[in-house]
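Engineer: The structure file input-v2.tsv (TSV, C-alpha atoms and all ligand atoms) is provided below.
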chain	number	residue	atom	x	y	z
A	1	MET	CA	22.21	1.12	-13.43
A	2	GLU	CA	18.52	1.04	-12.72
A	3	LEU	CA	17.86	0.78	-16.44
A	4	LEU	CA	20.27	-2.14	-16.78
A	5	GLU	CA	18.52	-3.94	-13.96
A	6	LEU	CA	15.16	-3.35	-15.61
A	7	VAL	CA	16.45	-4.89	-18.83
A	8	GLU	CA	17.86	-7.77	-16.84
A	9	ASP	CA	14.42	-8.32	-15.29
A	10	ARG	CA	12.91	-8.71	-18.74
A	11	SER	CA	15.48	-11.07	-20.14
A	12	SER	CA	15.24	-13.65	-17.38
A	13	GLY	CA	13.41	-14.29	-14.18
A	14	TYR	CA	16.51	-13.85	-12.14
A	15	GLY	CA	16.92	-10.09	-12.10
A	16	GLU	CA	14.72	-9.89	-9.07
A	17	ARG	CA	16.76	-12.44	-7.13
A	18	LEU	CA	20.04	-10.75	-8.07
A	19	ARG	CA	18.80	-7.39	-6.87
A	20	ARG	CA	17.68	-8.85	-3.59
A	21	ASP	CA	20.99	-10.60	-3.00
A	22	LYS	CA	22.83	-7.37	-3.73
A	23	GLN	CA	20.83	-5.41	-1.18
A	24	GLY	CA	21.33	-8.07	1.44
A	25	GLY	CA	20.11	-8.01	4.99
A	26	GLY	CA	16.85	-6.24	4.29
A	27	TYR	CA	15.01	-9.36	3.24
A	28	LYS	CA	13.55	-11.97	5.49
A	29	MET	CA	12.63	-14.65	2.97
A	30	THR	CA	13.84	-16.33	-0.20
A	31	ALA	CA	12.68	-14.48	-3.28
A	32	SER	CA	10.58	-16.15	-5.89
A	33	THR	CA	11.37	-15.23	-9.47
A	34	PHE	CA	9.00	-13.65	-11.97
A	35	ASP	CA	9.45	-16.87	-13.99
A	36	GLU	CA	8.15	-18.98	-11.11
A	37	ILE	CA	5.16	-16.74	-10.60
A	38	GLY	CA	4.51	-16.45	-14.34
A	39	ARG	CA	4.46	-20.24	-14.62
A	40	VAL	CA	1.84	-20.49	-11.85
A	41	LEU	CA	-0.27	-17.82	-13.56
A	42	ARG	CA	-0.18	-19.64	-16.90
A	43	GLU	CA	-0.67	-23.16	-15.58
A	44	HIS	CA	-3.78	-22.58	-13.45
A	45	GLN	CA	-7.31	-21.47	-14.22
A	46	HIS	CA	-9.11	-20.19	-11.11
A	47	PHE	CA	-7.68	-17.22	-9.23
A	48	ALA	CA	-8.59	-15.00	-6.30
A	49	ILE	CA	-6.76	-11.69	-6.11
A	50	LEU	CA	-6.90	-10.13	-2.67
A	51	GLY	CA	-5.80	-6.89	-1.02
A	52	HIS	CA	-5.64	-5.43	2.47
A	53	VAL	CA	-8.56	-4.05	4.47
A	54	ARG	CA	-9.09	-0.29	4.25
A	55	PRO	CA	-7.51	-0.40	0.84
A	56	ASP	CA	-5.59	2.42	-0.79
A	57	GLY	CA	-4.99	3.22	-4.45
A	58	ASP	CA	-2.02	0.86	-4.61
A	59	ALA	CA	-3.97	-2.15	-3.34
A	60	LEU	CA	-7.04	-1.53	-5.51
A	61	GLY	CA	-5.14	-0.53	-8.65
A	62	SER	CA	-2.74	-3.47	-8.37
A	63	GLN	CA	-5.57	-5.94	-7.79
A	64	LEU	CA	-7.54	-4.70	-10.81
A	65	ALA	CA	-4.49	-4.54	-13.08
A	66	LEU	CA	-3.37	-8.10	-12.40
A	67	ALA	CA	-6.96	-9.37	-12.62
A	68	LEU	CA	-7.51	-7.72	-16.01
A	69	SER	CA	-4.25	-9.10	-17.36
A	70	LEU	CA	-5.19	-12.63	-16.23
A	71	GLN	CA	-8.70	-12.26	-17.63
A	72	GLN	CA	-7.19	-11.53	-21.01
A	73	LEU	CA	-5.39	-14.85	-20.77
A	74	GLY	CA	-8.83	-16.46	-20.41
A	75	LYS	CA	-8.51	-17.07	-16.68
A	76	ASP	CA	-11.37	-17.10	-14.18
A	77	VAL	CA	-10.50	-14.33	-11.73
A	78	ARG	CA	-12.23	-13.12	-8.59
A	79	VAL	CA	-11.12	-9.82	-7.12
A	80	TRP	CA	-12.03	-9.40	-3.48
A	81	ASN	CA	-11.52	-6.76	-0.84
A	82	GLU	CA	-13.21	-6.70	2.55
A	83	ASP	CA	-14.30	-3.11	1.95
A	84	GLY	CA	-15.26	-3.57	-1.70
A	85	MET	CA	-14.55	-0.77	-4.15
A	86	LEU	CA	-14.23	2.65	-2.52
A	87	GLU	CA	-16.28	5.54	-3.88
A	88	LYS	CA	-13.16	7.62	-4.46
A	89	TYR	CA	-11.54	4.94	-6.63
A	90	SER	CA	-14.67	3.94	-8.51
A	91	PHE	CA	-13.36	5.80	-11.58
A	92	LEU	CA	-10.66	3.13	-12.03
A	93	PRO	CA	-11.19	1.16	-15.26
A	94	ARG	CA	-13.29	-1.97	-14.67
A	95	ALA	CA	-13.71	-1.03	-11.01
A	96	GLU	CA	-16.86	-3.16	-10.91
A	97	LEU	CA	-14.73	-6.32	-11.01
A	98	LEU	CA	-13.59	-5.67	-7.45
A	99	THR	CA	-16.22	-6.75	-4.97
A	100	LYS	CA	-16.65	-7.62	-1.34
A	101	PRO	CA	-15.87	-11.30	-0.74
A	102	PRO	CA	-18.76	-13.81	-0.67
A	103	ALA	CA	-20.03	-15.07	2.69
A	104	THR	CA	-19.50	-18.67	1.61
A	105	ALA	CA	-15.93	-19.74	0.95
A	106	ILE	CA	-14.95	-20.62	-2.62
A	107	ASP	CA	-12.11	-22.92	-3.67
A	108	VAL	CA	-9.58	-21.56	-6.13
A	109	ASP	CA	-6.35	-22.83	-7.66
A	110	VAL	CA	-4.29	-19.82	-6.74
A	111	ALA	CA	-4.81	-17.06	-4.17
A	112	ILE	CA	-2.74	-13.92	-4.68
A	113	ALA	CA	-2.31	-11.38	-1.88
A	114	LEU	CA	-1.17	-7.95	-3.05
A	115	ASP	CA	0.20	-5.05	-1.00
A	116	THR	CA	-0.65	-6.88	2.23
A	117	ALA	CA	2.07	-7.08	4.89
A	118	ILE	CA	0.26	-9.45	7.24
A	119	GLN	CA	-1.96	-12.21	5.91
A	120	ASN	CA	-4.80	-11.53	8.35
A	121	ARG	CA	-4.96	-7.93	7.06
A	122	LEU	CA	-6.86	-9.54	4.17
A	123	GLY	CA	-9.80	-9.66	6.58
A	124	THR	CA	-12.92	-11.37	5.26
A	125	ALA	CA	-11.25	-11.82	1.86
A	126	LEU	CA	-8.95	-14.36	3.49
A	127	ALA	CA	-11.91	-16.31	4.90
A	128	ALA	CA	-13.55	-16.34	1.46
A	129	VAL	CA	-10.77	-18.48	0.03
A	130	GLY	CA	-11.94	-22.00	0.86
A	131	SER	CA	-8.80	-23.67	-0.32
A	132	ALA	CA	-6.02	-22.71	-2.69
A	133	LYS	CA	-3.30	-24.99	-4.04
A	134	ILE	CA	-0.86	-22.11	-4.10
A	135	TRP	CA	-0.60	-18.81	-2.20
A	136	VAL	CA	1.29	-15.97	-3.85
A	137	ASN	CA	2.43	-12.94	-1.83
A	138	ILE	CA	3.53	-9.83	-3.74
A	139	ASP	CA	4.27	-6.78	-1.63
A	140	HIS	CA	6.68	-3.98	-0.77
A	141	HIS	CA	6.21	-3.61	3.00
A	142	SER	CA	9.38	-4.21	5.02
A	143	SER	CA	7.34	-5.82	7.81
A	144	ASN	CA	6.02	-8.57	5.50
A	145	PRO	CA	7.24	-11.88	6.99
A	146	GLY	CA	6.99	-13.66	3.64
A	147	TYR	CA	3.88	-15.81	4.09
A	148	GLY	CA	2.76	-17.94	1.16
A	149	ASP	CA	4.33	-20.39	-1.29
A	150	LEU	CA	5.66	-17.88	-3.81
A	151	VAL	CA	6.86	-14.58	-2.42
A	152	ILE	CA	8.15	-11.34	-3.85
A	153	VAL	CA	8.60	-8.66	-1.22
A	154	ASP	CA	10.61	-5.89	-2.80
A	155	VAL	CA	11.08	-3.11	-0.26
A	156	SER	CA	12.84	-0.97	-2.87
A	157	ALA	CA	9.57	-0.63	-4.78
A	158	PRO	CA	7.58	2.49	-3.81
A	159	ALA	CA	4.35	0.71	-4.77
A	160	THR	CA	3.12	-2.83	-5.28
A	161	GLY	CA	1.89	-1.55	-8.66
A	162	GLU	CA	5.51	-1.15	-9.73
A	163	ILE	CA	6.20	-4.85	-9.01
A	164	ILE	CA	3.05	-5.88	-10.89
A	165	PHE	CA	4.19	-3.83	-13.88
A	166	ARG	CA	7.60	-5.54	-13.85
A	167	LEU	CA	5.93	-8.95	-13.55
A	168	ILE	CA	3.66	-8.20	-16.51
A	169	ARG	CA	6.54	-6.96	-18.68
A	170	ASN	CA	8.93	-9.70	-17.62
A	171	GLN	CA	6.43	-12.45	-18.35
A	172	GLY	CA	4.92	-10.89	-21.46
A	173	LEU	CA	1.45	-10.71	-19.89
A	174	PRO	CA	-1.25	-8.51	-21.48
A	175	LEU	CA	-1.03	-4.77	-20.84
A	176	ASP	CA	-3.69	-2.48	-22.30
A	177	HIS	CA	-5.12	0.95	-21.50
A	178	ASP	CA	-7.24	-0.23	-18.57
A	179	ILE	CA	-4.38	-2.18	-16.99
A	180	ALA	CA	-1.99	0.73	-17.51
A	181	GLU	CA	-4.37	3.23	-15.89
A	182	ASN	CA	-4.86	1.02	-12.84
A	183	LEU	CA	-1.11	0.61	-12.42
A	184	TYR	CA	-0.50	4.32	-12.93
A	185	ALA	CA	-3.05	5.13	-10.22
A	186	ALA	CA	-1.43	2.57	-7.89
A	187	ILE	CA	2.03	4.07	-8.35
A	188	SER	CA	0.90	7.70	-8.29
A	189	THR	CA	-0.97	7.31	-5.00
A	190	ASP	CA	1.69	5.24	-3.17
A	191	THR	CA	4.48	7.64	-4.17
A	192	GLY	CA	2.47	10.69	-3.10
A	193	SER	CA	2.41	11.83	-6.74
A	194	PHE	CA	6.03	10.78	-7.37
A	195	GLN	CA	7.36	12.64	-4.34
A	196	TYR	CA	8.21	10.11	-1.61
A	197	PRO	CA	11.85	9.00	-1.21
A	198	LYS	CA	11.49	5.58	-2.86
A	199	THR	CA	10.46	7.27	-6.09
A	200	SER	CA	13.36	6.36	-8.39
A	201	ALA	CA	14.45	6.63	-12.00
A	202	ARG	CA	12.86	3.21	-12.43
A	203	THR	CA	9.55	4.60	-11.15
A	204	PHE	CA	9.60	7.34	-13.78
A	205	GLU	CA	10.62	4.86	-16.48
A	206	ILE	CA	7.67	2.68	-15.57
A	207	ALA	CA	5.33	5.68	-15.50
A	208	THR	CA	6.59	6.66	-18.95
A	209	GLU	CA	5.93	3.18	-20.27
A	210	LEU	CA	2.45	3.14	-18.74
A	211	VAL	CA	1.52	6.53	-20.19
A	212	ARG	CA	2.87	5.53	-23.59
A	213	ALA	CA	1.56	1.96	-23.74
A	214	GLY	CA	-1.86	2.88	-22.36
A	215	GLY	CA	-2.20	6.25	-24.07
A	216	LEU	CA	-3.00	7.66	-20.64
A	217	ASN	CA	-4.30	11.15	-19.93
A	218	VAL	CA	-2.23	11.99	-16.84
A	219	GLY	CA	-4.05	15.26	-16.12
A	220	LYS	CA	-7.42	13.55	-16.11
A	221	ILE	CA	-6.26	10.69	-13.88
A	222	SER	CA	-4.63	13.13	-11.45
A	223	GLN	CA	-7.80	15.20	-11.31
A	224	GLN	CA	-9.82	12.12	-10.44
A	225	LEU	CA	-7.27	11.12	-7.82
A	226	TYR	CA	-6.51	14.47	-6.20
A	227	GLU	CA	-9.14	17.03	-7.16
A	228	ASN	CA	-12.34	15.13	-6.71
A	229	TYR	CA	-12.73	14.81	-2.94
A	230	PRO	CA	-16.10	15.14	-1.24
A	231	ARG	CA	-16.50	18.35	0.74
A	232	ARG	CA	-16.68	16.41	4.00
A	233	ARG	CA	-13.00	15.52	3.65
A	234	LEU	CA	-12.14	19.20	4.07
A	235	GLU	CA	-14.65	19.48	6.93
A	236	LEU	CA	-12.83	16.56	8.52
A	237	LEU	CA	-9.49	18.30	8.06
A	238	ARG	CA	-10.90	21.40	9.78
A	239	GLU	CA	-11.85	19.30	12.82
A	240	LEU	CA	-8.50	17.49	12.84
A	241	LEU	CA	-6.61	20.77	12.79
A	242	ARG	CA	-8.49	21.86	15.93
A	243	THR	CA	-6.84	18.91	17.74
A	244	MET	CA	-3.39	19.46	16.24
A	245	ARG	CA	-0.51	19.42	18.66
A	246	PHE	CA	3.24	19.70	18.40
A	247	SER	CA	5.69	18.02	20.76
A	248	GLU	CA	9.41	17.28	21.10
A	249	GLY	CA	10.30	20.83	20.19
A	250	GLY	CA	8.18	20.79	17.07
A	251	ARG	CA	9.67	17.58	15.70
A	252	VAL	CA	6.46	15.61	16.28
A	253	ALA	CA	3.05	16.72	15.05
A	254	SER	CA	-0.19	14.86	15.65
A	255	PHE	CA	-3.94	15.14	15.45
A	256	SER	CA	-6.79	12.85	16.35
A	257	LEU	CA	-10.31	11.88	15.38
A	258	THR	CA	-12.95	10.70	17.82
A	259	LEU	CA	-15.83	8.40	16.89
A	260	ARG	CA	-18.16	11.24	17.82
A	261	THR	CA	-16.63	13.70	15.37
A	262	ALA	CA	-16.48	11.05	12.65
A	263	ALA	CA	-20.18	10.31	13.16
A	264	ASP	CA	-21.16	13.99	13.22
A	265	LEU	CA	-19.42	14.58	9.90
A	266	GLY	CA	-20.53	11.29	8.33
A	267	VAL	CA	-16.89	10.45	7.67
A	268	LEU	CA	-16.01	7.38	5.61
A	269	PRO	CA	-12.76	5.55	6.44
A	270	GLU	CA	-11.35	6.53	3.03
A	271	ASP	CA	-11.83	10.26	3.72
A	272	ASN	CA	-8.72	10.56	5.86
A	273	GLU	CA	-6.26	9.01	3.40
A	274	GLY	CA	-3.45	11.51	2.92
A	275	LEU	CA	-4.57	14.08	5.50
A	276	ILE	CA	-1.53	13.21	7.64
A	277	ASP	CA	0.59	14.78	4.88
A	278	HIS	CA	-0.51	18.21	6.14
A	279	LEU	CA	1.40	17.48	9.36
A	280	ARG	CA	4.41	16.03	7.59
A	281	ALA	CA	4.60	19.13	5.37
A	282	VAL	CA	5.43	21.43	8.30
A	283	ARG	CA	9.04	22.61	8.54
A	284	GLY	CA	10.88	20.98	11.43
A	285	VAL	CA	8.43	18.10	11.77
A	286	ILE	CA	10.14	14.72	11.54
A	287	VAL	CA	7.32	12.44	12.67
A	288	ALA	CA	3.62	12.96	11.98
A	289	VAL	CA	1.01	10.89	13.79
A	290	PHE	CA	-2.70	10.48	13.18
A	291	PHE	CA	-4.87	8.87	15.86
A	292	GLU	CA	-8.31	7.54	15.05
A	293	GLU	CA	-10.72	6.11	17.60
A	294	LEU	CA	-12.26	2.81	16.44
A	295	ALA	CA	-15.53	1.21	17.46
A	296	ASP	CA	-13.88	-1.98	18.77
A	297	GLY	CA	-12.12	-0.40	21.76
A	298	LYS	CA	-8.95	0.20	19.81
A	299	ALA	CA	-7.30	3.19	18.23
A	300	ARG	CA	-5.79	3.23	14.76
A	301	VAL	CA	-2.45	4.95	14.54
A	302	SER	CA	-0.86	6.14	11.29
A	303	MET	CA	2.71	7.38	11.37
A	304	ARG	CA	4.96	9.14	8.87
A	305	SER	CA	8.64	9.96	9.12
A	306	LYS	CA	10.71	12.38	7.06
A	307	ASP	CA	14.02	10.78	8.02
A	308	GLU	CA	15.26	7.21	7.50
A	309	ALA	CA	17.02	7.47	10.89
A	310	VAL	CA	13.60	7.52	12.55
A	311	ASP	CA	12.03	4.19	11.58
A	312	VAL	CA	8.31	4.46	12.27
A	313	CYS	CA	7.79	0.85	11.17
A	314	ALA	CA	9.92	-0.23	14.16
A	315	ILE	CA	7.85	1.98	16.46
A	316	CYS	CA	4.57	0.58	15.13
A	317	GLN	CA	5.83	-3.00	15.36
A	318	LYS	CA	6.25	-2.45	19.10
A	319	PHE	CA	2.48	-1.96	19.15
A	320	GLY	CA	1.73	-4.96	16.91
A	321	GLY	CA	1.60	-3.01	13.66
A	322	GLY	CA	3.98	-2.59	10.73
A	323	GLY	CA	4.53	-1.00	7.34
A	324	HIS	CA	7.45	0.87	5.81
A	325	THR	CA	10.37	2.74	7.38
A	326	LEU	CA	8.79	6.10	6.58
A	327	ALA	CA	5.10	5.16	6.68
A	328	ALA	CA	3.58	2.70	9.12
A	329	GLY	CA	0.57	2.01	11.29
A	330	ALA	CA	-0.91	-0.02	14.11
A	331	ARG	CA	-4.18	-0.78	15.84
A	332	ILE	CA	-3.78	-0.47	19.59
A	333	ARG	CA	-6.17	-1.46	22.35
A	334	GLY	CA	-7.11	1.34	24.72
A	335	ASN	CA	-8.98	4.61	24.70
A	336	LEU	CA	-7.86	7.38	22.40
A	337	VAL	CA	-6.21	9.61	25.00
A	338	GLU	CA	-4.32	6.74	26.60
A	339	VAL	CA	-3.09	5.44	23.23
A	340	GLU	CA	-2.00	8.96	22.27
A	341	GLU	CA	0.10	9.27	25.43
A	342	ARG	CA	1.73	5.84	25.03
A	343	VAL	CA	2.55	6.30	21.36
A	344	LEU	CA	3.82	9.87	21.64
A	345	LYS	CA	6.01	8.79	24.56
A	346	GLU	CA	7.50	6.02	22.38
A	347	VAL	CA	8.08	8.44	19.51
A	348	GLY	CA	9.71	10.90	21.92
A	349	ASP	CA	12.03	8.19	23.23
A	350	LYS	CA	13.04	7.31	19.66
A	351	LEU	CA	13.77	10.96	18.89
A	352	GLU	CA	15.87	11.34	22.04
A	353	VAL	CA	18.46	8.89	20.74
A	354	TYR	CA	18.20	10.32	17.26
A	355	GLN	CA	20.94	12.71	16.29
A	356	ARG	CA	20.19	15.12	13.50
A	357	PRO	CA	22.89	14.86	10.78
A	358	SER	CA	25.11	17.94	10.93
A	359	SER	CA	24.92	18.67	7.21
B	401	MN	MN	1.44	-0.14	-1.23
With the file now loaded, output its structure as structure tokens.
Structural biologist:
Amino acid sequence: MELLELVEDRSSGYGERLRRDKQGGGYKMTASTFDEIGRVLREHQHFAILGHVRPDGDALGSQLALALSLQQLGKDVRVWNEDGMLEKYSFLPRAELLTKPPATAIDVDVAIALDTAIQNRLGTALAAVGSAKIWVNIDHHSSNPGYGDLVIVDVSAPATGEIIFRLIRNQGLPLDHDIAENLYAAISTDTGSFQYPKTSARTFEIATELVRAGGLNVGKISQQLYENYPRRRLELLRELLRTMRFSEGGRVASFSLTLRTAADLGVLPEDNEGLIDHLRAVRGVIVAVFFEELADGKARVSMRSKDEAVDVCAICQKFGGGGHTLAAGARIRGNLVEVEERVLKEVGDKLEVYQRPSS
């Protein structure tokens, strides 16, 4: 069935809309078709491709992949992220294309936001777009309200990179080794190496096509993604584990990072990506929470759930954040200890009404 739908996607622009209608309820906006987006890509010349602040592999890989494909069509493409290219993803092909946005705004024909649930999560990259005739929003976060003129928010996709691949294939856009490697990295990181629940047959089909079309060396990419961390990331984990606590009878696990500890270790924001998985991996844990003190009087909260019945996106939305059902986050005003208490109380309340399935 998934394969049929993939074929349908290629033959017309309407596969996407059909799938959305079938799922029903989960979408908050009218879907644009790949045809509509493809037309905009072909008919304009100047593009800005943007991604969310504190980017992950999905944001950076998707941005680079779409930019490279458009460049091959002879388009003028700027690729901006507030944080610029992260050290850990600097191995991505043509990583140098992705830069911090300029201080002075630049007009473009089309601005494309990728993997970004809330438009202001584009940070300074949003301000760098002086004017754009058309805004395109391609994402897979369930909390995305559907900002922009052309919108594809596919919450069934485990990664924005998967949607970009389908767009490229559906519209016959260029796909070479460099594009394939960026998309593979995007999908690999956002699926937790093809492990998270939204990883589907379609995901593996796409990975197969990327490996084949790009002649990718999976072992080498994985090594660069998962076996190339700086030592301080492990030193950070050691400090986090000292603060580890379990609550709600072992169903909630959390740890926290103070500004002081982060400064002592020389931690970069990217160092903690994925560390929360150590909490999630514990038997009996349903919700994992990572608290990080920020310099602006707020705390950053990352949350993971192992059960669809416990929707951490809903919890984070109560605090002004968002994300996916099983992976979400928020930035909350208040000191670290106070935020920890408020959030863990909310998680506890959610778990109280949650009944574990008997099977
Ligand atoms: Mn993503």
Engineer: Quick one: residues within 10 Å of ligand MN 401 (chain B), with all atoms listed in the file, as an mmCIF file with C-alpha atoms, in the coordinates of the input?
Structural biologist:
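Just written: pocket.cif:
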data_model
loop_
_atom_site.group_PDB
_atom_site.id
_atom_site.type_symbol
_atom_site.label_atom_id
_atom_site.label_comp_id
_atom_site.auth_asym_id
_atom_site.auth_seq_id
_atom_site.Cartn_x
_atom_site.Cartn_y
_atom_site.Cartn_z
ATOM 1 C CA GLY A 51 -5.800 -6.890 -1.020
ATOM 2 C CA HIS A 52 -5.640 -5.430 2.470
ATOM 3 C CA PRO A 55 -7.510 -0.400 0.840
ATOM 4 C CA ASP A 56 -5.590 2.420 -0.790
ATOM 5 C CA GLY A 57 -4.990 3.220 -4.450
ATOM 6 C CA ASP A 58 -2.020 0.860 -4.610
ATOM 7 C CA ALA A 59 -3.970 -2.150 -3.340
ATOM 8 C CA LEU A 60 -7.040 -1.530 -5.510
ATOM 9 C CA GLY A 61 -5.140 -0.530 -8.650
ATOM 10 C CA SER A 62 -2.740 -3.470 -8.370
ATOM 11 C CA LEU A 114 -1.170 -7.950 -3.050
ATOM 12 C CA ASP A 115 0.200 -5.050 -1.000
ATOM 13 C CA THR A 116 -0.650 -6.880 2.230
ATOM 14 C CA ALA A 117 2.070 -7.080 4.890
ATOM 15 C CA ASP A 139 4.270 -6.780 -1.630
ATOM 16 C CA HIS A 140 6.680 -3.980 -0.770
ATOM 17 C CA HIS A 141 6.210 -3.610 3.000
ATOM 18 C CA ALA A 157 9.570 -0.630 -4.780
ATOM 19 C CA PRO A 158 7.580 2.490 -3.810
ATOM 20 C CA ALA A 159 4.350 0.710 -4.770
ATOM 21 C CA THR A 160 3.120 -2.830 -5.280
ATOM 22 C CA GLY A 161 1.890 -1.550 -8.660
ATOM 23 C CA GLU A 162 5.510 -1.150 -9.730
ATOM 24 C CA ALA A 186 -1.430 2.570 -7.890
ATOM 25 C CA ILE A 187 2.030 4.070 -8.350
ATOM 26 C CA THR A 189 -0.970 7.310 -5.000
ATOM 27 C CA ASP A 190 1.690 5.240 -3.170
ATOM 28 C CA THR A 191 4.480 7.640 -4.170
ATOM 29 C CA GLY A 323 4.530 -1.000 7.340
ATOM 30 C CA HIS A 324 7.450 0.870 5.810
#
Engineer: Using only C-alpha atoms, which residue out of A:Leu175, A:Ile164, A:Met244, A:Ile134 lies closest to Ala213 (chain A)?
Structural biologist: A:Leu175
Engineer: Using all atoms listed in the file and a cutoff of 8 Å, can you tell me which residues are near (12.3, -4.4, 3.0) in the file's coordinates, and write them out as a short mmCIF file (atom, residue, chain, number, x, y, z; two decimals) with C-alpha atoms, in the frame of the given file?
Structural biologist:
data_model
loop_
_atom_site.label_atom_id
_atom_site.label_comp_id
_atom_site.auth_asym_id
_atom_site.auth_seq_id
_atom_site.Cartn_x
_atom_site.Cartn_y
_atom_site.Cartn_z
CA GLY A 26 16.85 -6.24 4.29
CA TYR A 27 15.01 -9.36 3.24
CA HIS A 140 6.68 -3.98 -0.77
CA HIS A 141 6.21 -3.61 3.00
CA SER A 142 9.38 -4.21 5.02
CA SER A 143 7.34 -5.82 7.81
CA ASN A 144 6.02 -8.57 5.50
CA VAL A 153 8.60 -8.66 -1.22
CA ASP A 154 10.61 -5.89 -2.80
CA VAL A 155 11.08 -3.11 -0.26
CA SER A 156 12.84 -0.97 -2.87
CA HIS A 324 7.45 0.87 5.81
#
Engineer: Would you mind reading off the distance between CA of Leu294 (chain A) and CA of Glu341 (chain A), one decimal, in Å?
Structural biologist: 16.6 Å
Engineer: Would you please work out which residue, of A:Asp83, A:Asp109, A:Asp76, A:Glu239, is nearest to Val40 (chain A) when using all atoms listed in the file?
Structural biologist: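 Of A:Asp83, A:Asp109, A:Asp76, A:Glu239, the one nearest Val40 (chain A), counting all atoms listed in the file, is A:Asp109.
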Engineer: Identify, on the basis of only C-alpha atoms, every residue whose closest approach to Asp264 (chain A) does not exceed 12 Å; exclude the query and any residue fewer than 4 positions from it along the same chain; express the result as a list in words.
Structural biologist: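 The residues that qualify are Arg232, Glu235, Leu236, Glu239, Leu257, Thr258, Leu259, Arg260 and Leu268 of chain A.
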Engineer: Any chance you could export the current selection's C-alpha atoms as a compact mmCIF listing (two decimals), in the frame of the given file?
Structural biologist:
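Done, and the output landed in again-v5.txt:
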# COMPACT_ATOMS: atom_id res chain seq x y z
CA ARG A 232 -16.68 16.41 4.00
CA GLU A 235 -14.65 19.48 6.93
CA LEU A 236 -12.83 16.56 8.52
CA GLU A 239 -11.85 19.30 12.82
CA LEU A 257 -10.31 11.88 15.38
CA THR A 258 -12.95 10.70 17.82
CA LEU A 259 -15.83 8.40 16.89
CA ARG A 260 -18.16 11.24 17.82
CA LEU A 268 -16.01 7.38 5.61
Engineer: Ranking A:Ser254, A:Gly219, A:Gly284, A:Arg300 by minimum distance to Arg54 (chain A) and counting all atoms listed in the file, which one comes first?
Structural biologist: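 Answer, going by the shortest atom-to-atom distance: A:Arg300.
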Engineer: So which one's closest to Leu126 (chain A), A:Asn182, A:Thr208, A:Asn81, A:Thr203? Using all atoms listed in the file, please.
Structural biologist: A:Asn81
Engineer: Taking into account all atoms listed in the file, which residue in the set A:Asn228, A:Ser32, A:Asn120, A:Gln71 is nearest to Ser90 (chain A)?
Structural biologist: A:Asn228
Engineer: Using all atoms listed in the file, which of A:Arg331, A:Lys133, A:His278, A:Arg78 sits nearest Gly148 (chain A)?
Structural biologist: A:Lys133
Engineer: For Arg212 (chain A), list every protein, DNA or RNA residue within 12 Å, evaluated using only C-alpha atoms, and leave out those in the same chain fewer than 2 positions away; present the list as a list of chain:residue names.
Structural biologist: A:Leu175, A:Asp176, A:His177, A:Ala180, A:Glu181, A:Tyr184, A:Glu205, A:Ile206, A:Ala207, A:Thr208, A:Glu209, A:Leu210, A:Gly214, A:Gly215, A:Leu216, A:Asn217, A:Val218
Engineer: Find the residues near Tyr354 (chain A): any atom within 9 Å, counting only C-alpha atoms, skip ones fewer than 5 places away on the same chain, and give them as a CSV table (one decimal) with C-alpha atoms, in the coordinates of the input.
Structural biologist:
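Output contents, as saved in around00.csv:
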chain,number,residue,atom,x,y,z
A,309,ALA,CA,17.0,7.5,10.9
A,310,VAL,CA,13.6,7.5,12.6
A,349,ASP,CA,12.0,8.2,23.2
Engineer: Build an axis-aligned box that encloses every atom of region 54-60 of chain A listed in the file, pad it by 5 Å on each side, and report its centre and edge lengths in Å to one decimal, as JSON.
Structural biologist:
{"center_x": -5.6, "center_y": 0.5, "center_z": -0.6, "size_x": 17.1, "size_y": 15.4, "size_z": 19.8}
Engineer: Which value, in Å to one decimal, gives the distance between CA of Phe290 (chain A) and CA of Pro269 (chain A)?
Structural biologist: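 Computed distance, CA of Phe290 (chain A) to CA of Pro269 (chain A), equals 13.1 Å.
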Engineer: Can you measure CA of Leu41 (chain A) to CA of Gln72 (chain A) for me? One decimal in Å is fine.
Structural biologist: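 One can read the CA of Leu41 (chain A) to CA of Gln72 (chain A) distance as 12.0 Å.
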Engineer: I need region 193-205 of chain A from the structure I supplied, saved as a compact mmCIF listing (two decimals), in the first residue's frame with C-alpha atoms retained.
Structural biologist:
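Below is the file that was written, selection-v4.txt:
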# COMPACT_ATOMS: atom_id res chain seq x y z
CA SER A 193 18.92 5.54 12.76
CA PHE A 194 15.66 4.10 11.39
CA GLN A 195 14.35 3.17 14.83
CA TYR A 196 11.60 5.64 15.82
CA PRO A 197 7.95 4.62 15.30
CA LYS A 198 7.31 6.70 12.17
CA THR A 199 10.00 4.76 10.35
CA SER A 200 7.96 2.94 7.69
CA ALA A 201 8.40 0.74 4.65
CA ARG A 202 8.37 3.97 2.66
CA THR A 203 11.29 5.26 4.72
CA PHE A 204 13.34 2.17 3.87
CA GLU A 205 12.32 2.40 0.20
